[in-house]
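Enquirer: What follows is a single structure, and I will ask about it in a moment.
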Amino acid sequence: MSSLSSSSSSSSSGVRSWRTAFLTLRDETLASPPPSAILNLLQHLLFSNSQSLIAAAPDLPPHEIASDIIFLLELVPTCSDAGEDTSLTFMNMCHLIHDVCQRVSLEINSPSWALMLDTFGTAVESFLGKAGSKRAFSENAARFKAAMECVETVRFFVSVYHRKCSLPENVQLVKFLLRILSCSHAELYSLSHSSGNQRYTPEIGKRIPRHNSLWEVQTIACTMIAAVFSRDGSSFPGDIWQSTMEVLRKVMDALASKSVLVEDTIMSRFYISLLHCLHVVLTNPKGPLSDHVAGFVAALRIFFIYGLNNRTALAVPGTVHRQGPSSVNHGLSSTEPTKNDSGPYRPPHLRKKNGSGVRRHKAQDSRSSSDHESSVVDFTSSDSDYSDTDGSAKDSASLQMSKARLAAIACIQDLCQADPKSFTAQWTMILPTNDVLQLRKYEATLMTCLLFDPYVKARIASAATLAAMLDGPSSIFLQVAEYKESPKRGSFTALSSSLGQILMQLHTGILYLIRHETHGGLLVSLFKILMLLISSTPYARMPEELLPTLIMSLRARVEEGFPFKSDQTSLLVVALSCLTAALSTSPSSPKVKEMFLDEISAGFSGAPGKPSVLFTLFQYAEKSTSPAISFEALQAFRAVSHNYPNIMVECWEQVSTIVYGFLRATPEVPARQWKGHSGNTVGSLGEKTLTAAVKALDECLRAISGYKGTEDILDDRLLDTPFTSDCMRQKKISSAPSYGLENTKETTGDEPKASESGSEYWCEAIEKHIPLILWHTSPMVRAATVTCFAGITSSVFFSLTKEKQDFILSSLINAAVNDEVPSVRSAGCRAIGVITCFPQISQSAETLQKFILAVESNTHDPLVLVRITASWALANICDSLRHCISDFSSDRHSLVALLIDCALRLTKDGDKIKSNAVRALGNLSRFLQNRSPSGIHDKSVICVGLSTPTNSVEVLSSSSGKKYGLRFASNLNQPLPLGDSDWPERMVQAFLSCVTTGNVKVQWNVCHALSNLFLNETLRLQDMDCLCKGGGFIVQSVILYLEAMFMIATIWAFWSQNHLSRGWLWLLTFGIPREMCFSRAPSVFSILLLLLRDSSNFKIRIQAAAALSVPASVLDYGRSFSDVVQGLEHIFENFGLDQISTPSSFKYRVALEKQLTSTMLHVLSLASSSDHQPLKDFLVKKAAFLEEWFKALCSSLGETSTQPEADRKKEMISLAVQSLNEVYESRNHHSIAQKFRNLTNNIS
């Protein structure tokens, strides 16, 4: 009882002491005493009795303590002007508040929170700024301890007391922590450069540095910053994020400048907290990183081998022990010691001195341990606390250092994902350019981590980072890579060469690991890296042996298999997927083709010691294996068929046998009803495998048949002029096998052979394979089967018997019309679109009629996929219609009207459908006849009819006929009505509508369609304006709309200072005058001029220029001829001011300039035929520019490769110059005419 009363009395005494001290302090400071007096009061009333006050805190109400502490936080900063060293006062205050907060749970409001953070920040700046190497060690230690207590106090409120901070309070907290981190970093940096504390050097064995409390301060600060950013980082303002990045950058730069990391538990904890903080901040970037990427990468790369430099646990390639599923257990090289040494590391020059080095390290560690013995942070003891034979400390330290490596790799991945463009410049810093399998401790890369790190999580993180680097924009960046032998040391290496060396080393390292790795998760990551690496590598500019080596390495790994049954199937599937990617690389490799030919000549099983890739694919594609493995093997073989079609004849027997095995294994199905069963479009794994088998058969048949895409029956040569013929690009058909450039010259000679062999194998497929799957219950299988017919060529098709031809045609029509599943109908429409382009098919009116009805019915389908394919087939049918129009009897003319109505309806659909609809209308507009009955000359009467194409055109001889340029087909007597006779007007209105509502592909097709419209010899192009009178408002609205859009884009480009691809600013000054479009009635030529002038897509501009060159005479241009000439001249005069917005436009710039040249020469050659006086005045005004332009054009004739082409160019130039000469003579400008006559003489 006496002890209880004594305790109560002591407690009451302590409470009275606390209240007396703070009440006295409040009373004494009411009169605003000088700072020195306040310092004395604080020392006398509080700090001299701090222990008793701290002991009394638990007996006081928390709100009273909080009020007194806030008062203390307000009072102490007022002493900063005392003229004395106030750091001791701040230290005492921090100690008092820290110890009180450990004993009492306090709650403070938002203003008090801000006050505490500000006061603590000022305190830390005060006593850290005064610490230094010249002070006594104990004095520095006290100041560092006070800094730790400030940070710990704040941590109590956030972590221990679970204070809920608002966003503004968290912003204040981050600012405080950044303040602490900056001060402690500056202090440590100053101490590390002082003459008396050079302990931070590698010669000492990289032991822990002094002043561990400051490292702990930074550790806690980084940990708290990471926690705050994890909670509310997405809501922080950008300036807070930027400030955090700048502070972290300074800390990281300091680490990079040392080039050596301290291998110790405390420093490992600091590194982990710092790197985790950086990782969290980088996860949600709020500003540009381009200025920080290089610095961060330089600092992070030194962590790649942190903790591995002096440890015998380093993994070394080449000595693999398969001891379990955990990972590759790399052994030691022959040059490294093999005994297990769990004691402290000793440099070689100290190992023979009876362990003196060990004792020295222990002594150093014992001295440094006093620096942090008062720390309240729960850190693991340093290595020196354990005996030489105790391995637990080593294991703990090794684990901590491996976590630091893992965190650094994660930060590398964050930088790559946050700013991939800037990060690509650092590839040479973190990826190897040579000797990837050699461990270089001072040139560590990500591949070093992946190959040598004994910590499997670090290796998996390295793999994930490499995958992130190879994914996304870098795949485009790597297309410039080109492998060259390593230059002499110190010489300049181009970026393309560096990237080529990097890709080569990545292949070497990844293939080595795939061959030897046994950890399932890491193997999956390695295969993912390899997949991305294959897709990013331009093998055509790499060593020719690289791709065959890659394929053979993957084949060997597939044959070897994987040891663990749980992962074997999945890993084998991934490996086969990589093999498929390697076989699919474009362009195809001659070395790989040679490898396949050698395999075939040696038999598919391969020669001894040279296993066959094809045999492996056939083996795994068999039905007896897993469906997933069979699927991938079939996909790989399909890639072989696509890229190396010339070997498929030798492979046909194996392919036919494998596919037939799959088909026979499928249960027999009765003839299914076409209606009433929709089927399942997803399909099981078995259905997918069967579908893959059918697609492999399809690809093999295409390769054997010589399929090269849809056959062009139009022979459209709009772009084939002397100036544009060398810019013609060969169209690449993705569904056609890649025969390579070497086969293009032999196409004609090989066509009969391909037809003969293709017919033989197609007959076998029709008799043996297709009947088993054409009626299959799976929609996937049926769609793949019908798609096979889309790969047949016309030569093969017509070499088949009539019975087989009818079987193919009836199968297509049934699939397109009667199948309930949209994907099957879509496949039927695609095959119809291909076969309808065969010339012999297009001559059969009956077959075309069936095709038209089948395709038209699918244009009403609610599924977009079906309508896209149906509209594509519709455009092809309209193209082929001209070959059989004479066979159409009058009762079938309604089909043509059906095509017109269908195409017009589809122009109001989506862009992909709209582009095909416009193409269909363009094809129709070229061949439909537009005529006036004979005897009518005063008033135009337009009727619509059909006729066979003819080159015999009769122009009316009457004066009115000459005036309006009316044309008639000489072999027609009466029009064949199609119902509505306003088809030209409706088509033109549809074209103009599509220009404003369609995408770039639609606009391109509009230009092409207008070219076809201009080629219609029965349409009076000179009266095109009159033709659009009913739609004149539409045309004018279109022009206004286009001008408004281009003006908006111009203003936006000006204000954003983003010079867009067209350099539209010059339009405001030099653009085509608006009167050009409205001085006369609106015209389709105005639309073409606007697209040519303002479109940002160069392909659209090329096609618009080509369309403007189609009309053959001035009368064909109508009243727009003057506008066309002036518009082309303005475009040429300002062509050099164009700004290209996208890199893809560069390859079309030359083609555009040449097409413009061809069009300009064409219209200038017609200028002398025009009687439009303002046009002639314009040509006189621009005579100087035209003269210089012709001189430059003539000087470029020497670059022409062939003499016939040069002669054709000279002829075009001469015609244009002579026409201008006539214009200038007619306007009595004889001096100008003489200059152009001289040009004519120079050309000849």
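In the structure tokens, chains take the letters A, B, ... in the order shown, each chain's residues start at 1, and ligands count up from 1 in the order shown.
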Quick one: residues within 12 Å of range 916-920 of chain A, only C-alpha atoms counted, chain neighbours fewer than 5 positions away excluded, as number ranges by chain?
Expert: A: 833, 856, 859, 867-881, 896, 899-911, 925-927, 986-995, 998, 1001-1013
Enquirer: Of the candidates A:His1130, A:Ala227, A:Thr153, A:Phe120, which one gets nearest to Arg179 in chain A if we count only C-alpha atoms?
Expert: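 Closest to Arg179 in chain A of all the choices is A:Phe120.
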Enquirer: Mind listing the helix (DSSP H, G or I) residues of range 435-671 of chain A, per DSSP on the backbone, as a compact mmCIF listing (two decimals) with C-alpha atoms, in the first residue's frame?
Expert:
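Output file selection_3.txt follows:
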```txt
# COMPACT_ATOMS: atom_id res chain seq x y z
CA LEU A 446 20.72 -6.66 -67.91
CA MET A 447 21.98 -9.78 -69.62
CA THR A 448 24.55 -10.07 -66.84
CA CYS A 449 21.69 -10.27 -64.35
CA LEU A 450 19.78 -12.71 -66.51
CA LEU A 451 22.75 -14.99 -67.02
CA PHE A 452 24.70 -14.80 -63.76
CA VAL A 456 15.88 -16.41 -59.47
CA LYS A 457 13.54 -13.48 -58.80
CA ALA A 458 16.18 -11.07 -60.05
CA ARG A 459 16.59 -13.15 -63.19
CA ILE A 460 12.85 -13.20 -63.78
CA ALA A 461 12.73 -9.42 -63.24
CA SER A 462 15.56 -9.02 -65.75
CA ALA A 463 13.59 -11.07 -68.24
CA ALA A 464 10.48 -8.96 -67.69
CA THR A 465 12.49 -5.78 -68.18
CA LEU A 466 14.02 -7.06 -71.41
CA ALA A 467 10.54 -7.96 -72.65
CA ALA A 468 9.31 -4.45 -71.83
CA MET A 469 12.25 -2.95 -73.72
CA LEU A 470 11.62 -5.06 -76.81
CA SER A 474 11.34 -0.19 -79.76
CA SER A 475 10.26 -2.70 -82.41
CA ILE A 476 10.21 0.19 -84.88
CA PHE A 477 13.38 1.68 -83.44
CA LEU A 478 15.25 -1.59 -84.00
CA GLN A 479 14.41 -1.72 -87.69
CA VAL A 480 17.44 0.51 -88.37
CA LEU A 495 23.75 3.68 -83.83
CA SER A 496 22.60 1.14 -86.41
CA SER A 497 25.78 -0.89 -85.88
CA SER A 498 25.45 -0.73 -82.09
CA LEU A 499 21.87 -1.95 -82.31
CA GLY A 500 22.95 -4.74 -84.62
CA GLN A 501 25.60 -5.88 -82.15
CA ILE A 502 23.08 -5.70 -79.30
CA LEU A 503 20.58 -7.85 -81.20
CA MET A 504 23.30 -10.35 -81.98
CA GLN A 505 24.32 -10.63 -78.33
CA LEU A 506 20.70 -10.90 -77.20
CA HIS A 507 20.18 -13.82 -79.56
CA THR A 508 23.31 -15.50 -78.24
CA GLY A 509 22.41 -15.07 -74.58
CA ILE A 510 18.70 -15.91 -74.86
CA LEU A 511 19.30 -18.99 -76.99
CA TYR A 512 21.93 -20.20 -74.52
CA LEU A 513 19.54 -19.79 -71.60
CA ILE A 514 16.66 -21.46 -73.44
CA ARG A 515 18.90 -24.41 -74.14
CA HIS A 516 20.06 -24.80 -70.52
CA GLY A 520 9.55 -23.22 -65.85
CA GLY A 521 8.53 -19.66 -65.05
CA LEU A 522 11.82 -18.24 -66.27
CA LEU A 523 11.65 -20.32 -69.43
CA VAL A 524 8.26 -18.85 -70.25
CA SER A 525 9.73 -15.36 -69.84
CA LEU A 526 12.70 -16.30 -72.03
CA PHE A 527 10.42 -17.53 -74.79
CA LYS A 528 8.45 -14.29 -74.56
CA ILE A 529 11.67 -12.31 -74.95
CA LEU A 530 12.65 -14.43 -77.92
CA MET A 531 9.26 -13.91 -79.53
CA LEU A 532 9.65 -10.14 -79.23
CA LEU A 533 13.25 -10.34 -80.34
CA ILE A 534 12.30 -12.22 -83.49
CA SER A 535 9.59 -9.70 -84.36
CA SER A 536 11.99 -6.77 -83.81
CA TYR A 539 17.27 -10.45 -90.20
CA ALA A 540 17.98 -9.24 -93.73
CA ARG A 541 20.66 -6.93 -92.28
CA LEU A 546 21.64 -16.03 -87.52
CA LEU A 547 18.12 -17.06 -88.54
CA PRO A 548 19.04 -20.67 -89.44
CA THR A 549 20.92 -20.93 -86.14
CA LEU A 550 17.87 -19.64 -84.30
CA ILE A 551 15.58 -22.13 -86.02
CA MET A 552 17.90 -25.06 -85.37
CA SER A 553 18.33 -24.07 -81.72
CA LEU A 554 14.58 -24.01 -81.21
CA ARG A 555 14.22 -27.33 -83.01
CA ALA A 556 16.85 -28.85 -80.73
CA ARG A 557 15.05 -27.54 -77.62
CA VAL A 558 11.74 -28.90 -78.88
CA GLU A 559 13.28 -32.29 -79.56
CA GLU A 560 15.00 -32.34 -76.19
CA LYS A 565 5.46 -33.10 -66.79
CA SER A 566 3.39 -30.27 -65.34
CA ASP A 567 5.05 -27.73 -67.63
CA GLN A 568 6.08 -29.88 -70.56
CA THR A 569 3.06 -29.31 -72.79
CA SER A 570 2.77 -25.58 -72.15
CA LEU A 571 6.50 -25.02 -72.65
CA LEU A 572 6.50 -27.08 -75.81
CA VAL A 573 3.61 -25.01 -77.13
CA VAL A 574 5.51 -21.78 -76.39
CA ALA A 575 8.66 -23.14 -78.02
CA LEU A 576 6.74 -24.08 -81.17
CA SER A 577 5.17 -20.60 -81.20
CA CYS A 578 8.66 -19.10 -81.22
CA LEU A 579 9.61 -21.44 -84.04
CA THR A 580 6.55 -20.26 -85.95
CA ALA A 581 7.61 -16.63 -85.47
CA ALA A 582 11.12 -17.44 -86.70
CA LEU A 583 9.76 -19.18 -89.80
CA PRO A 590 17.84 -17.74 -98.61
CA LYS A 591 19.89 -19.65 -96.04
CA VAL A 592 16.75 -21.09 -94.45
CA LYS A 593 15.47 -22.07 -97.88
CA GLU A 594 18.79 -23.74 -98.59
CA MET A 595 18.53 -25.55 -95.25
CA PHE A 596 15.07 -26.87 -96.16
CA LEU A 597 16.24 -28.03 -99.59
CA ASP A 598 19.12 -29.91 -97.97
CA GLU A 599 16.67 -31.57 -95.58
CA ILE A 600 14.41 -32.62 -98.43
CA SER A 601 17.31 -33.98 -100.47
CA VAL A 613 13.15 -29.12 -88.94
CA LEU A 614 10.44 -30.27 -91.34
CA PHE A 615 10.48 -33.78 -89.87
CA THR A 616 10.07 -32.31 -86.38
CA LEU A 617 7.07 -30.26 -87.51
CA PHE A 618 5.45 -33.26 -89.20
CA GLN A 619 6.08 -35.37 -86.13
CA TYR A 620 4.46 -32.95 -83.70
CA ALA A 621 1.60 -32.13 -86.08
CA PRO A 627 -4.08 -30.95 -79.62
CA ALA A 628 -2.33 -27.79 -78.44
CA ILE A 629 1.04 -29.08 -79.67
CA SER A 630 -0.48 -30.20 -82.97
CA PHE A 631 -2.04 -26.78 -83.40
CA GLU A 632 1.28 -24.95 -82.97
CA ALA A 633 3.14 -27.41 -85.20
CA LEU A 634 0.55 -26.87 -87.94
CA GLN A 635 0.89 -23.13 -87.52
CA ALA A 636 4.65 -23.45 -87.91
CA PHE A 637 4.27 -25.51 -91.06
CA ARG A 638 1.80 -22.99 -92.42
CA ALA A 639 4.50 -20.34 -91.93
CA VAL A 640 6.93 -22.52 -93.90
CA SER A 641 4.37 -22.80 -96.71
CA HIS A 642 3.86 -19.05 -96.77
CA ASN A 643 7.51 -17.99 -96.68
CA PRO A 645 6.46 -21.93 -101.13
CA ASN A 646 8.90 -23.44 -103.61
CA ILE A 647 9.46 -26.51 -101.43
CA MET A 648 5.79 -27.34 -100.97
CA VAL A 649 5.55 -29.71 -103.92
CA GLU A 650 8.00 -32.03 -102.18
CA CYS A 651 6.05 -31.67 -98.92
CA TRP A 652 2.60 -32.31 -100.36
CA GLU A 653 2.49 -36.02 -99.60
CA GLN A 654 3.23 -35.49 -95.90
CA VAL A 655 0.79 -32.57 -95.65
CA SER A 656 -1.97 -34.50 -97.37
CA THR A 657 -1.44 -37.50 -95.10
CA ILE A 658 -1.45 -35.44 -91.89
CA VAL A 659 -4.53 -33.43 -92.83
CA TYR A 660 -6.37 -36.53 -93.97
CA GLY A 661 -5.53 -38.16 -90.65
CA PHE A 662 -7.18 -35.27 -88.82
CA LEU A 663 -10.24 -35.43 -91.06
CA ARG A 664 -10.68 -39.19 -90.71
CA ALA A 665 -10.40 -38.89 -86.95
```
Enquirer: With only C-alpha atoms as the basis for distance, which of A:Val281, A:Ile1213, A:Leu300, A:Leu1166 is at the shortest distance from Ser1195 in chain A?
Expert: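 Using only C-alpha atoms, the shortest distance to Ser1195 in chain A belongs to A:Ile1213.
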Enquirer: Could you pull the residues within 6 Å of Gly828 in chain A, counting only C-alpha atoms, minus those fewer than 2 positions along the same chain, as a count of residues only?
Expert: 7
Enquirer: Between CA of Tyr707 in chain A and CA of Thr793 in chain A, what is the distance, to one decimal in Å?
Expert: 5.8 Å
